[in-house]
file structure-v6.txt (compact mmCIF, C-alpha atoms)
# COMPACT_ATOMS: atom_id res chain seq x y z
CA MET X 266 23.22 -98.03 29.58
CA GLN X 267 20.51 -97.52 32.17
CA GLN X 268 23.11 -97.41 34.91
CA THR X 269 25.25 -94.86 33.08
CA ARG X 270 22.22 -92.64 32.76
CA THR X 271 21.55 -92.86 36.51
CA VAL X 272 25.15 -91.90 37.26
CA GLU X 273 25.04 -88.96 34.88
CA LEU X 274 21.69 -87.77 36.18
CA GLY X 275 22.78 -88.11 39.81
CA THR X 276 26.08 -86.33 39.23
CA GLY X 277 24.33 -83.56 37.34
CA LEU X 278 21.83 -83.13 40.16
CA PHE X 279 24.61 -83.07 42.75
CA VAL X 280 26.76 -80.51 40.94
CA PHE X 281 23.69 -78.39 40.18
CA LEU X 282 22.65 -78.40 43.84
CA GLY X 283 26.20 -77.63 44.99
CA VAL X 284 26.67 -74.71 42.63
CA GLY X 285 23.18 -73.48 43.54
CA ALA X 286 24.07 -73.58 47.23
CA LEU X 287 27.32 -71.69 46.58
CA PHE X 288 25.38 -69.08 44.62
CA PHE X 289 22.84 -68.76 47.43
CA LEU X 290 25.56 -68.37 50.05
CA THR X 291 27.56 -65.79 48.10
CA THR X 292 24.63 -63.63 47.07
CA GLN X 293 21.92 -64.02 49.69
CA THR X 294 23.69 -64.25 53.03
CA SER X 295 26.20 -61.41 52.75
CA ASN X 296 25.99 -57.68 52.31
CA VAL X 297 27.48 -57.50 48.83
CA GLN X 298 25.04 -54.98 47.50
CA GLY X 299 24.53 -53.95 43.91
CA PHE X 300 27.07 -51.24 44.41
CA THR X 301 29.41 -52.22 41.63
CA GLY X 302 27.88 -49.54 39.43
CA ASP X 303 28.92 -45.92 39.13
CA SER X 304 29.80 -43.99 42.24
CA TYR X 305 31.41 -40.72 43.20
CA THR X 306 33.49 -39.84 46.21
CA VAL X 307 33.20 -36.92 48.57
CA THR X 308 35.27 -36.21 51.67
CA ALA X 309 34.34 -34.93 55.08
CA ARG X 310 36.58 -33.85 57.96
CA PHE X 311 35.76 -34.92 61.49
CA GLU X 312 37.36 -33.98 64.79
CA ASN X 313 36.77 -37.51 66.04
CA VAL X 314 35.47 -40.51 64.11
CA GLY X 315 34.97 -42.71 67.17
CA SER X 316 34.95 -46.34 66.07
CA LEU X 317 33.80 -45.68 62.51
CA ALA X 318 35.33 -48.21 60.13
CA ALA X 319 35.76 -48.54 56.38
CA ARG X 320 32.74 -50.14 54.64
CA ALA X 321 30.35 -48.62 57.20
CA PRO X 322 27.11 -47.44 55.56
CA VAL X 323 26.36 -43.84 54.62
CA THR X 324 22.69 -43.10 55.02
CA MET X 325 20.31 -40.30 54.18
CA ALA X 326 16.81 -40.33 55.64
CA GLY X 327 17.69 -43.80 56.92
CA VAL X 328 18.38 -45.23 53.46
CA THR X 329 21.87 -46.50 52.64
CA ILE X 330 23.18 -44.40 49.74
CA GLY X 331 26.87 -45.25 49.97
CA ARG X 332 29.71 -46.62 52.04
CA VAL X 333 32.77 -45.28 53.83
CA ALA X 334 35.68 -45.88 51.44
CA ALA X 335 38.61 -44.83 53.61
CA ILE X 336 39.51 -43.05 56.83
CA ASP X 337 42.80 -41.15 57.03
CA PHE X 338 44.45 -38.92 59.57
CA ASP X 339 45.58 -35.50 58.40
CA PRO X 340 48.86 -34.70 60.24
CA ASP X 341 48.69 -30.98 59.40
CA LEU X 342 45.18 -30.14 60.56
CA LEU X 343 45.13 -32.96 63.14
CA ASP X 344 41.72 -34.25 62.18
CA ALA X 345 40.27 -37.29 60.42
CA VAL X 346 39.51 -37.26 56.69
CA VAL X 347 36.69 -39.66 55.81
CA THR X 348 36.20 -40.55 52.16
CA LEU X 349 32.60 -41.45 51.31
CA ARG X 350 31.68 -43.35 48.17
CA LEU X 351 28.12 -42.45 47.14
CA ASN X 352 25.98 -44.16 44.56
CA SER X 353 25.75 -42.07 41.37
CA ARG X 354 21.98 -42.55 41.36
CA TYR X 355 21.87 -40.04 44.21
CA ASP X 356 23.59 -37.11 42.53
CA ARG X 357 21.34 -34.31 43.77
CA ILE X 358 22.41 -34.02 47.39
CA PRO X 359 22.60 -30.34 48.46
CA GLU X 360 26.15 -29.10 48.84
CA ASP X 361 25.57 -27.72 52.33
CA SER X 362 24.36 -31.07 53.70
CA ASP X 363 25.52 -32.01 57.14
CA ALA X 364 27.43 -35.26 57.90
CA SER X 365 27.34 -36.74 61.39
CA ILE X 366 28.66 -39.99 62.81
CA LEU X 367 25.82 -41.87 64.45
CA THR X 368 25.50 -45.15 66.29
CA ALA X 369 23.00 -47.85 65.34
CA GLY X 370 21.37 -48.86 68.61
CA LEU X 371 23.04 -48.67 71.99
CA LEU X 372 25.92 -51.01 71.14
CA GLY X 373 25.61 -51.19 67.36
CA GLY X 374 28.16 -50.20 64.76
CA GLN X 375 28.71 -46.59 63.73
CA TYR X 376 27.61 -45.10 60.42
CA VAL X 377 27.61 -41.73 58.67
CA GLY X 378 24.25 -39.97 58.46
CA LEU X 379 23.71 -37.13 55.99
CA THR X 380 21.10 -34.46 56.74
CA PRO X 381 20.08 -32.43 53.66
CA GLY X 382 20.78 -28.70 53.50
CA GLY X 383 18.92 -26.12 51.42
CA SER X 384 21.47 -25.24 48.75
CA GLU X 385 20.69 -25.30 45.04
CA GLU X 386 24.22 -26.60 44.36
CA TYR X 387 24.79 -30.32 44.54
CA LEU X 388 27.65 -32.48 45.81
CA ALA X 389 29.83 -33.70 42.96
CA ASP X 390 32.90 -35.94 42.69
CA GLN X 391 35.73 -34.75 44.98
CA SER X 392 33.59 -32.18 46.79
CA VAL X 393 34.00 -31.62 50.50
CA ILE X 394 31.20 -31.69 53.05
CA GLU X 395 31.74 -28.57 55.19
CA PHE X 396 29.39 -29.21 58.08
CA THR X 397 30.26 -32.23 60.15
CA GLN X 398 29.46 -33.50 63.60
CA SER X 399 31.90 -35.84 65.34
CA ALA X 400 31.12 -39.14 66.93
CA VAL X 401 29.81 -39.10 70.45
CA VAL X 402 32.33 -40.78 72.72
CA LEU X 403 30.57 -42.36 75.65
CA GLU X 404 33.33 -41.58 78.16
CA GLN X 405 33.31 -37.86 77.26
CA LEU X 406 29.53 -37.80 77.62
CA ILE X 407 29.69 -39.42 81.04
CA SER X 408 32.43 -37.08 82.30
CA LYS X 409 30.46 -34.09 81.03
CA TYR X 410 27.43 -35.14 83.07
CA LEU X 411 29.59 -35.89 86.10
CA PHE X 412 31.19 -32.43 86.09
CA GLN X 413 27.88 -30.69 85.49
CA GLY X 414 26.36 -32.57 88.43
CA GLY X 415 29.27 -31.50 90.66
CA SER X 416 28.92 -27.76 89.96
CA GLU X 417 25.26 -27.56 90.89
CA MET I 166 63.77 -97.95 80.79
CA THR I 167 65.97 -98.18 77.69
CA GLN I 168 63.37 -100.55 76.23
CA TRP I 169 60.77 -97.77 76.50
CA PHE I 170 63.08 -95.27 74.94
CA PHE I 171 63.81 -97.46 71.93
CA GLU I 172 60.13 -98.18 71.45
CA LEU I 173 59.40 -94.46 71.50
CA VAL I 174 62.10 -93.78 68.94
CA TYR I 175 60.82 -96.67 66.82
CA THR I 176 57.23 -95.33 66.95
CA LEU I 177 58.36 -91.82 66.07
CA ARG I 178 60.38 -93.18 63.17
CA GLY I 179 57.37 -95.12 61.94
CA PHE I 180 55.21 -92.01 62.17
CA LEU I 181 57.70 -89.90 60.25
CA GLN I 182 58.05 -92.62 57.63
CA THR I 183 54.28 -92.85 57.12
CA PHE I 184 54.02 -89.09 56.94
CA GLY I 185 56.76 -88.88 54.35
CA ALA I 186 55.26 -91.72 52.32
CA MET I 187 51.92 -89.93 52.38
CA ASN I 188 53.48 -86.71 51.09
CA LEU I 189 55.27 -88.53 48.25
CA PHE I 190 52.04 -90.36 47.44
CA PHE I 191 50.23 -87.00 47.35
CA LEU I 192 52.80 -85.49 44.99
CA ARG I 193 52.50 -88.47 42.63
CA ILE I 194 48.69 -88.26 42.62
CA VAL I 195 48.76 -84.52 41.95
CA SER I 196 51.23 -84.94 39.10
CA TYR I 197 48.94 -87.56 37.49
CA SER I 198 45.77 -85.52 38.05
CA PRO I 199 45.73 -83.17 35.03
CA ARG I 200 46.13 -86.10 32.63
CA ALA I 201 43.49 -88.11 34.47
CA ILE I 202 40.97 -85.30 34.07
CA ILE I 203 41.51 -85.23 30.30
CA ARG I 204 42.05 -88.91 29.55
CA ARG I 205 39.79 -90.61 32.12
CA PHE I 206 37.02 -88.06 32.54
CA PRO I 207 34.17 -90.64 32.74
CA LEU I 208 35.98 -92.38 35.62
CA VAL I 209 36.24 -89.09 37.52
CA ILE I 210 32.53 -88.40 36.94
CA ARG I 211 31.71 -91.87 38.25
CA GLN I 212 33.70 -91.13 41.44
CA VAL I 213 32.01 -87.74 41.88
CA TYR I 214 28.78 -89.73 41.79
CA ASN I 215 30.09 -92.25 44.34
CA SER I 216 31.43 -89.80 46.87
CA GLY I 217 29.24 -86.77 46.15
CA THR I 218 25.79 -87.77 44.98
CA LEU I 219 25.56 -90.77 47.28
CA SER I 220 26.50 -88.58 50.28
CA LEU I 221 23.90 -85.99 49.35
CA VAL I 222 21.02 -87.32 51.45
CA LEU I 223 23.20 -87.72 54.54
CA ILE I 224 24.66 -84.21 54.17
CA MET I 225 21.26 -82.62 53.60
CA VAL I 226 19.52 -84.32 56.52
CA CYS I 227 22.42 -83.63 58.91
CA GLY I 228 22.74 -80.04 57.70
CA PHE I 229 19.06 -79.45 58.28
CA PHE I 230 19.18 -80.74 61.85
CA VAL I 231 22.40 -78.90 62.68
CA GLY I 232 20.73 -75.70 61.46
CA MET I 233 17.61 -76.44 63.52
CA VAL I 234 19.74 -76.92 66.64
CA LEU I 235 21.66 -73.70 65.94
CA GLY I 236 18.38 -71.82 65.64
CA LEU I 237 17.08 -73.31 68.87
CA GLN I 238 20.28 -72.86 70.90
CA GLY I 239 20.92 -69.43 69.43
CA TYR I 240 17.42 -68.27 70.29
CA ASP I 241 17.59 -69.66 73.81
CA ASN I 242 20.95 -68.05 74.60
CA LEU I 243 20.47 -64.77 72.73
CA SER I 244 17.07 -64.13 74.30
CA LYS I 245 18.90 -63.67 77.62
CA PHE I 246 20.40 -60.52 76.08
CA ASN I 247 17.21 -59.50 74.28
CA SER I 248 18.96 -60.03 70.96
CA GLU I 249 17.18 -63.07 69.55
CA ASP I 250 16.98 -61.14 66.26
CA SER I 251 20.64 -62.04 65.71
CA VAL I 252 19.85 -65.75 65.56
CA GLY I 253 20.19 -65.69 61.76
CA THR I 254 23.62 -64.07 62.02
CA VAL I 255 24.84 -66.57 64.59
CA ALA I 256 23.60 -69.54 62.57
CA ALA I 257 24.98 -68.27 59.26
CA LEU I 258 28.40 -67.31 60.64
CA SER I 259 28.93 -70.59 62.48
CA LEU I 260 27.72 -72.65 59.51
CA LEU I 261 29.69 -70.79 56.85
CA GLN I 262 32.97 -70.57 58.74
CA GLU I 263 33.12 -73.72 60.84
CA LEU I 264 30.30 -76.21 60.95
CA GLY I 265 29.63 -76.48 57.23
CA PRO I 266 33.17 -77.38 56.12
CA VAL I 267 34.13 -79.36 59.24
CA LEU I 268 30.99 -81.45 59.63
CA ALA I 269 30.72 -82.05 55.89
CA ALA I 270 34.31 -83.35 55.92
CA LEU I 271 33.74 -85.59 58.96
CA LEU I 272 30.48 -86.96 57.56
CA TRP I 273 32.09 -87.46 54.15
CA SER I 274 34.94 -89.39 55.71
CA GLY I 275 32.46 -91.67 57.49
CA ARG I 276 30.24 -92.14 54.47
CA ALA I 277 32.57 -92.08 51.45
CA GLY I 278 36.14 -92.09 52.80
CA THR I 279 35.67 -95.47 54.46
CA ALA I 280 34.10 -96.83 51.26
CA LEU I 281 37.12 -95.67 49.25
CA ALA I 282 39.62 -97.10 51.72
CA SER I 283 37.94 -100.50 51.96
CA GLU I 284 37.34 -100.70 48.20
CA ILE I 285 40.98 -100.02 47.34
CA GLY I 286 42.13 -102.17 50.28
CA LEU I 287 40.04 -105.09 49.05
CA MET I 288 41.43 -104.64 45.55
CA ARG I 289 44.87 -104.92 47.12
CA ALA I 290 43.88 -107.97 49.19
CA THR I 291 42.38 -109.79 46.21
CA ASP I 292 45.40 -108.98 44.01
CA GLN I 293 43.38 -106.88 41.59
CA LEU I 294 45.96 -104.11 41.77
CA SER I 295 48.77 -106.56 40.98
CA ALA I 296 46.71 -107.90 38.08
CA MET I 297 46.42 -104.39 36.66
CA GLU I 298 50.16 -103.94 36.93
CA MET I 299 50.61 -107.23 35.04
CA MET I 300 48.50 -105.76 32.24
CA ALA I 301 50.69 -102.63 32.23
CA VAL I 302 47.84 -100.54 33.68
CA ASP I 303 49.05 -98.28 36.47
CA PRO I 304 46.58 -98.80 39.35
CA LEU I 305 47.54 -95.40 40.71
CA ARG I 306 46.28 -93.71 37.56
CA ARG I 307 43.38 -96.05 36.88
CA VAL I 308 42.02 -96.57 40.43
CA VAL I 309 43.46 -94.08 42.90
CA VAL I 310 43.58 -90.76 41.03
CA PRO I 311 39.92 -90.74 39.85
CA ARG I 312 38.76 -91.57 43.39
CA PHE I 313 40.94 -88.82 44.84
CA LEU I 314 39.64 -86.26 42.33
CA GLY I 315 36.04 -87.33 42.98
CA GLY I 316 36.47 -86.51 46.66
CA VAL I 317 38.27 -83.22 45.96
CA VAL I 318 35.49 -82.05 43.63
CA SER I 319 32.67 -83.19 45.91
CA MET I 320 33.76 -81.67 49.19
CA PRO I 321 33.30 -77.91 48.51
CA LEU I 322 29.93 -78.60 46.93
CA LEU I 323 28.83 -80.78 49.85
CA ALA I 324 29.98 -78.15 52.36
CA ALA I 325 28.06 -75.44 50.50
CA ILE I 326 24.92 -77.61 50.42
CA PHE I 327 25.37 -78.33 54.15
CA SER I 328 25.59 -74.61 54.97
CA GLY I 329 22.69 -73.67 52.69
CA ILE I 330 20.37 -76.33 54.11
CA GLY I 331 21.62 -75.45 57.62
CA ILE I 332 20.53 -71.82 57.18
CA PHE I 333 17.15 -73.10 56.04
CA GLY I 334 17.02 -75.30 59.17
CA ALA I 335 17.83 -72.31 61.38
CA TYR I 336 15.06 -70.40 59.59
CA VAL I 337 12.60 -73.21 60.29
CA SER I 338 13.37 -73.41 64.02
CA GLY I 339 14.02 -69.69 64.58
CA VAL I 340 11.34 -68.09 62.44
CA ILE I 341 8.62 -70.67 61.91
CA ILE I 342 8.72 -72.41 65.31
CA LEU I 343 10.04 -69.72 67.70
CA GLY I 344 8.62 -66.63 66.02
CA VAL I 345 11.62 -64.42 65.16
CA ASP I 346 10.63 -62.04 62.35
CA GLY I 347 11.61 -63.53 58.98
CA GLY I 348 12.74 -60.24 57.45
CA VAL I 349 14.88 -59.39 60.46
CA PHE I 350 16.40 -62.88 60.34
CA PHE I 351 17.73 -62.31 56.82
CA SER I 352 18.51 -58.58 57.09
CA GLN I 353 20.59 -59.10 60.25
CA MET I 354 22.37 -61.98 58.51
CA GLN I 355 23.09 -59.93 55.41
CA ALA I 356 24.31 -56.98 57.47
CA ASN I 357 26.86 -59.06 59.37
CA VAL I 358 28.10 -61.75 56.98
CA GLU I 359 31.05 -60.47 54.96
CA PRO I 360 32.46 -62.03 51.79
CA VAL I 361 35.59 -63.01 53.74
CA HIS I 362 33.49 -65.38 55.89
CA ILE I 363 32.20 -67.16 52.79
CA TRP I 364 35.67 -67.36 51.25
CA GLN I 365 37.03 -68.77 54.46
CA GLY I 366 34.47 -71.58 54.32
CA ILE I 367 35.18 -72.33 50.67
CA ILE I 368 38.96 -72.42 51.21
CA LYS I 369 38.48 -74.69 54.21
CA SER I 370 36.26 -77.14 52.37
CA CYS I 371 38.71 -77.32 49.44
CA VAL I 372 41.63 -78.07 51.79
CA PHE I 373 39.56 -80.61 53.75
CA GLY I 374 38.53 -82.25 50.47
CA VAL I 375 42.18 -82.78 49.53
CA ALA I 376 43.12 -83.99 53.03
CA ALA I 377 40.18 -86.36 53.52
CA SER I 378 40.47 -87.87 50.03
CA LEU I 379 44.23 -88.30 50.42
CA MET I 380 43.82 -90.13 53.76
CA ALA I 381 41.22 -92.47 52.30
CA VAL I 382 43.11 -93.47 49.15
CA PHE I 383 46.48 -93.62 50.95
CA GLU I 384 45.22 -95.90 53.70
CA GLY I 385 43.38 -98.12 51.21
CA TYR I 386 46.31 -98.36 48.80
CA ASN I 387 48.82 -99.14 51.54
CA SER I 388 46.63 -101.46 53.61
CA ILE I 389 47.89 -104.87 54.71
CA PRO I 390 46.32 -107.33 52.21
CA THR I 391 44.23 -109.28 54.71
CA ALA I 392 40.66 -108.94 55.98
CA GLU I 393 41.99 -107.50 59.23
CA GLY I 394 44.29 -105.10 57.35
CA VAL I 395 41.39 -103.71 55.31
CA GLY I 396 39.37 -103.20 58.48
CA ARG I 397 42.27 -101.45 60.13
CA ALA I 398 42.80 -99.20 57.09
CA THR I 399 39.14 -98.17 57.23
CA THR I 400 39.42 -97.27 60.92
CA ARG I 401 42.65 -95.37 60.39
CA THR I 402 41.02 -93.39 57.57
CA VAL I 403 38.32 -92.02 59.86
CA VAL I 404 40.69 -91.36 62.77
CA LEU I 405 43.36 -89.64 60.67
CA THR I 406 40.80 -87.60 58.73
CA ALA I 407 39.20 -86.33 61.93
CA ILE I 408 42.57 -85.31 63.38
CA ALA I 409 43.78 -83.74 60.11
CA VAL I 410 40.55 -81.84 59.48
CA LEU I 411 40.36 -80.34 62.98
CA ALA I 412 44.06 -79.43 63.07
CA LEU I 413 43.91 -77.87 59.59
CA ASP I 414 40.76 -76.03 60.63
CA TYR I 415 42.65 -74.28 63.41
CA MET I 416 45.55 -73.42 61.12
CA ILE I 417 43.37 -72.00 58.34
CA THR I 418 41.29 -69.97 60.82
CA ALA I 419 44.45 -68.52 62.38
CA ALA I 420 45.89 -67.72 58.94
CA VAL I 421 42.70 -66.06 57.71
CA LEU I 422 42.39 -64.00 60.89
CA ALA I 423 46.02 -62.91 60.65
CA LEU I 424 45.67 -61.97 56.99
CA THR I 425 42.41 -60.04 57.29
CA ASP I 426 43.34 -57.96 60.32
call {"tool": "encode", "arguments": {"input": "structure-v6.txt", "output": "structure tokens"}}
result
Amino acid sequence: MQQTRTVELGTGLFVFLGVGALFFLTTQTSNVQGFTGDSYTVTARFENVGSLAARAPVTMAGVTIGRVAAIDFDPDLLDAVVTLRLNSRYDRIPEDSDASILTAGLLGGQYVGLTPGGSEEYLADQSVIEFTQSAVVLEQLISKYLFQGGSE
Amino acid sequence: MTQWFFELVYTLRGFLQTFGAMNLFFLRIVSYSPRAIIRRFPLVIRQVYNSGTLSLVLIMVCGFFVGMVLGLQGYDNLSKFNSEDSVGTVAALSLLQELGPVLAALLWSGRAGTALASEIGLMRATDQLSAMEMMAVDPLRRVVVPRFLGGVVSMPLLAAIFSGIGIFGAYVSGVIILGVDGGVFFSQMQANVEPVHIWQGIIKSCVFGVAASLMAVFEGYNSIPTAEGVGRATTRTVVLTAIAVLALDYMITAAVLALTD
């Protein structure tokens, strides 16, 4: 009887610890944020998205308010259509806000930064952000400086 | 020259025969498993205790030290690029994807796999398995299947505990001893670890659990019924498990990378 109890207690402890570790790993080490709630999507057109990827963060004032849902190429207008999924908690973003593709650190990943405009109208589901600024491509920047240096 | 050739053919034939026998053995065990879970649940629990709970201390201590080493090595190498803040990311990614499942499987095979193989082998050597057959008790269902299931259930949990404790070990050496900021340690980790990395580790540990348990019970059940045979079965268990785990590790990694790209 005593031995059975030890086995049961030990097994219980082991399974409890194992499931606890799995829970810790799945919730605490990865970037699955509490973003399963309501969200709305807006689109923005960019001339060049650089190395922006799906799931990249969308930030405003440095705070992540959404994620990039999809990036598509528009064959008619020859530009990139980026779909942004924003948290419904932030539903009062001025309609004339400006979206730019920024880089975190010198070699970090790229993200979309929103800068607020002054409009009284707010972005809603399916709205389009008019003002966008493309990603800075390092090679273009370098060649620009090179040619400027040559003309002086 | 011809002698060599025939020996080679003979060895290859033996290898293929063992491999085939192992696959048939596996299919039989799997087909008995659902019934064993319902009918012989206490036996399965007992084997989870034997191969899981009793390996717990070993897994936790080893996981802690592996994590400490990752923190130390990661800090030392990353500080050359001024990016010692990523030490949490490096430790978590290597533990979750590779070191947790692989080392847990290798340690399990040394701690519990050998115990299974020698236990079943000794039952064979002392005619206990034949005695069961005489009493119309199938030793495969009564002895082998619960031990196999115990290993299969234990392995993912042990690998998760290994990774969890390992991250704590990396925190101890990286943050507490070497002075990386604790918040940065976790925020960098959370920004770079994706759910697919965690799933990869869980899939790996499940596959390794099946492979390692199968090797142990197969070698024990088919051991030569002498003292030397039992010893040889124990050795073969560890050797085969190590080879199988590392080869499967490569295959699963390649498959996951191909599927996620």
call {"tool": "interface_residues", "arguments": {"input": "structure-v6.txt", "of": "chain X", "to": "chain I", "cutoff": "9 Å", "atoms": "all atoms listed in the file", "output": "PyMOL selection string"}}
result
chain X and resi 269+272-273+275-280+282-287+289-291+293-297
call {"tool": "atom_distance", "arguments": {"input": "structure-v6.txt", "atom1": "CA of Ser365 (chain X)", "atom2": "CA of Leu343 (chain X)"}}
result
18.3 Å
call {"tool": "atom_distance", "arguments": {"input": "structure-v6.txt", "atom1": "CA of Arg204 (chain I)", "atom2": "CA of Val317 (chain I)"}}
result
17.8 Å
call {"tool": "atom_distance", "arguments": {"input": "structure-v6.txt", "atom1": "CA of Phe350 (chain I)", "atom2": "CA of Ser251 (chain I)"}}
result
6.9 Å
call {"tool": "residues_around", "arguments": {"input": "structure-v6.txt", "residues": "Ala326 (chain X)", "least_positions_apart": "2", "cutoff": "10 Å", "atoms": "only C-alpha atoms", "output": "list of chain:residue names"}}
result
X:Thr324, X:Val328, X:Thr329, X:Ile330, X:Gly378, X:Leu379, X:Thr380, X:Pro381
call {"tool": "residues_around", "arguments": {"input": "structure-v6.txt", "residues": "Asp414 (chain I)", "least_positions_apart": "5", "cutoff": "10 Å", "atoms": "only C-alpha atoms", "output": "PDB file with C-alpha atoms, in the frame of the given file"}}
result
ATOM      1  CA  GLN I 262      32.970 -70.570  58.740  1.00  0.00           C
ATOM      2  CA  GLU I 263      33.120 -73.720  60.840  1.00  0.00           C
ATOM      3  CA  PRO I 266      33.170 -77.380  56.120  1.00  0.00           C
ATOM      4  CA  VAL I 267      34.130 -79.360  59.240  1.00  0.00           C
ATOM      5  CA  GLY I 366      34.470 -71.580  54.320  1.00  0.00           C
ATOM      6  CA  LYS I 369      38.480 -74.690  54.210  1.00  0.00           C
ATOM      7  CA  SER I 370      36.260 -77.140  52.370  1.00  0.00           C
ATOM      8  CA  VAL I 372      41.630 -78.070  51.790  1.00  0.00           C
ATOM      9  CA  PHE I 373      39.560 -80.610  53.750  1.00  0.00           C
ATOM     10  CA  ILE I 408      42.570 -85.310  63.380  1.00  0.00           C
ATOM     11  CA  ALA I 409      43.780 -83.740  60.110  1.00  0.00           C
ATOM     12  CA  ALA I 419      44.450 -68.520  62.380  1.00  0.00           C
ATOM     13  CA  ALA I 420      45.890 -67.720  58.940  1.00  0.00           C
TER      14      ALA I 420
END
call {"tool": "residues_around", "arguments": {"input": "structure-v6.txt", "residues": "region 241-244 of chain I", "least_positions_apart": "4", "cutoff": "12 Å", "atoms": "all atoms listed in the file", "output": "list in words"}}
result
Val234, Leu235, Gly236, Leu237, Ser248, Glu249, Asp250, Ser251, Val252, Gly253, Thr254, Val255, Ala256, Ser338, Gly339, Leu343 and Val345 of chain I
call {"tool": "closest_residue", "arguments": {"input": "structure-v6.txt", "among": "X:Asp363, X:Glu404, X:Glu312, X:Asp356", "to": "Asp390 (chain X)", "atoms": "only C-alpha atoms"}}
result
X:Asp356
call {"tool": "residues_around", "arguments": {"input": "structure-v6.txt", "residues": "region 305-315 of chain I", "least_positions_apart": "5", "cutoff": "10 Å", "atoms": "only C-alpha atoms", "output": "PyMOL selection string"}}
result
chain I and resi 190-191+193-202+205-217+278+281+284-285+288+294+297-298+320+374-383+385-386
call {"tool": "axis_aligned_box", "arguments": {"input": "structure-v6.txt", "around": "region 239-254 of chain I", "padding_each_side": "6 Å", "output": "AutoDock Vina command-line options"}}
result
--center_x 20.3 --center_y -64.6 --center_z 69.7 --size_x 18.6 --size_y 22.2 --size_z 27.9
call {"tool": "closest_residue", "arguments": {"input": "structure-v6.txt", "among": "X:Ile394, X:Leu349, X:Ala319, X:Val307", "to": "Asp361 (chain X)", "atoms": "only C-alpha atoms"}}
result
X:Ile394
call {"tool": "residues_around", "arguments": {"input": "structure-v6.txt", "residues": "Gln398 (chain X)", "least_positions_apart": "4", "cutoff": "7 Å", "atoms": "only C-alpha atoms", "output": "ChimeraX atom specification"}}
result
/X:311,364-366
call {"tool": "closest_residue", "arguments": {"input": "structure-v6.txt", "among": "I:Gly185, I:Gly394, I:Gly179, I:Gly275", "to": "Leu223 (chain I)", "atoms": "only C-alpha atoms"}}
result
I:Gly275
call {"tool": "residues_near_point", "arguments": {"input": "structure-v6.txt", "point": "(39.5, -43.5, 61.2)", "cutoff": "9 Å", "atoms": "all atoms listed in the file", "output": "list in words"}}
result
Asn313, Val314, Gly315, Ser316, Leu317, Ala318, Ala319, Ala335, Ile336, Asp337, Phe338, Ala345, Val346 and Val347 of chain X
call {"tool": "write_last_selection", "arguments": {"input": "structure-v6.txt", "atoms": "C-alpha atoms", "output": "compact mmCIF listing (two decimals), keeping the file's coordinate frame"}}
result
# COMPACT_ATOMS: atom_id res chain seq x y z
CA ASN X 313 36.77 -37.51 66.04
CA VAL X 314 35.47 -40.51 64.11
CA GLY X 315 34.97 -42.71 67.17
CA SER X 316 34.95 -46.34 66.07
CA LEU X 317 33.80 -45.68 62.51
CA ALA X 318 35.33 -48.21 60.13
CA ALA X 319 35.76 -48.54 56.38
CA ALA X 335 38.61 -44.83 53.61
CA ILE X 336 39.51 -43.05 56.83
CA ASP X 337 42.80 -41.15 57.03
CA PHE X 338 44.45 -38.92 59.57
CA ALA X 345 40.27 -37.29 60.42
CA VAL X 346 39.51 -37.26 56.69
CA VAL X 347 36.69 -39.66 55.81
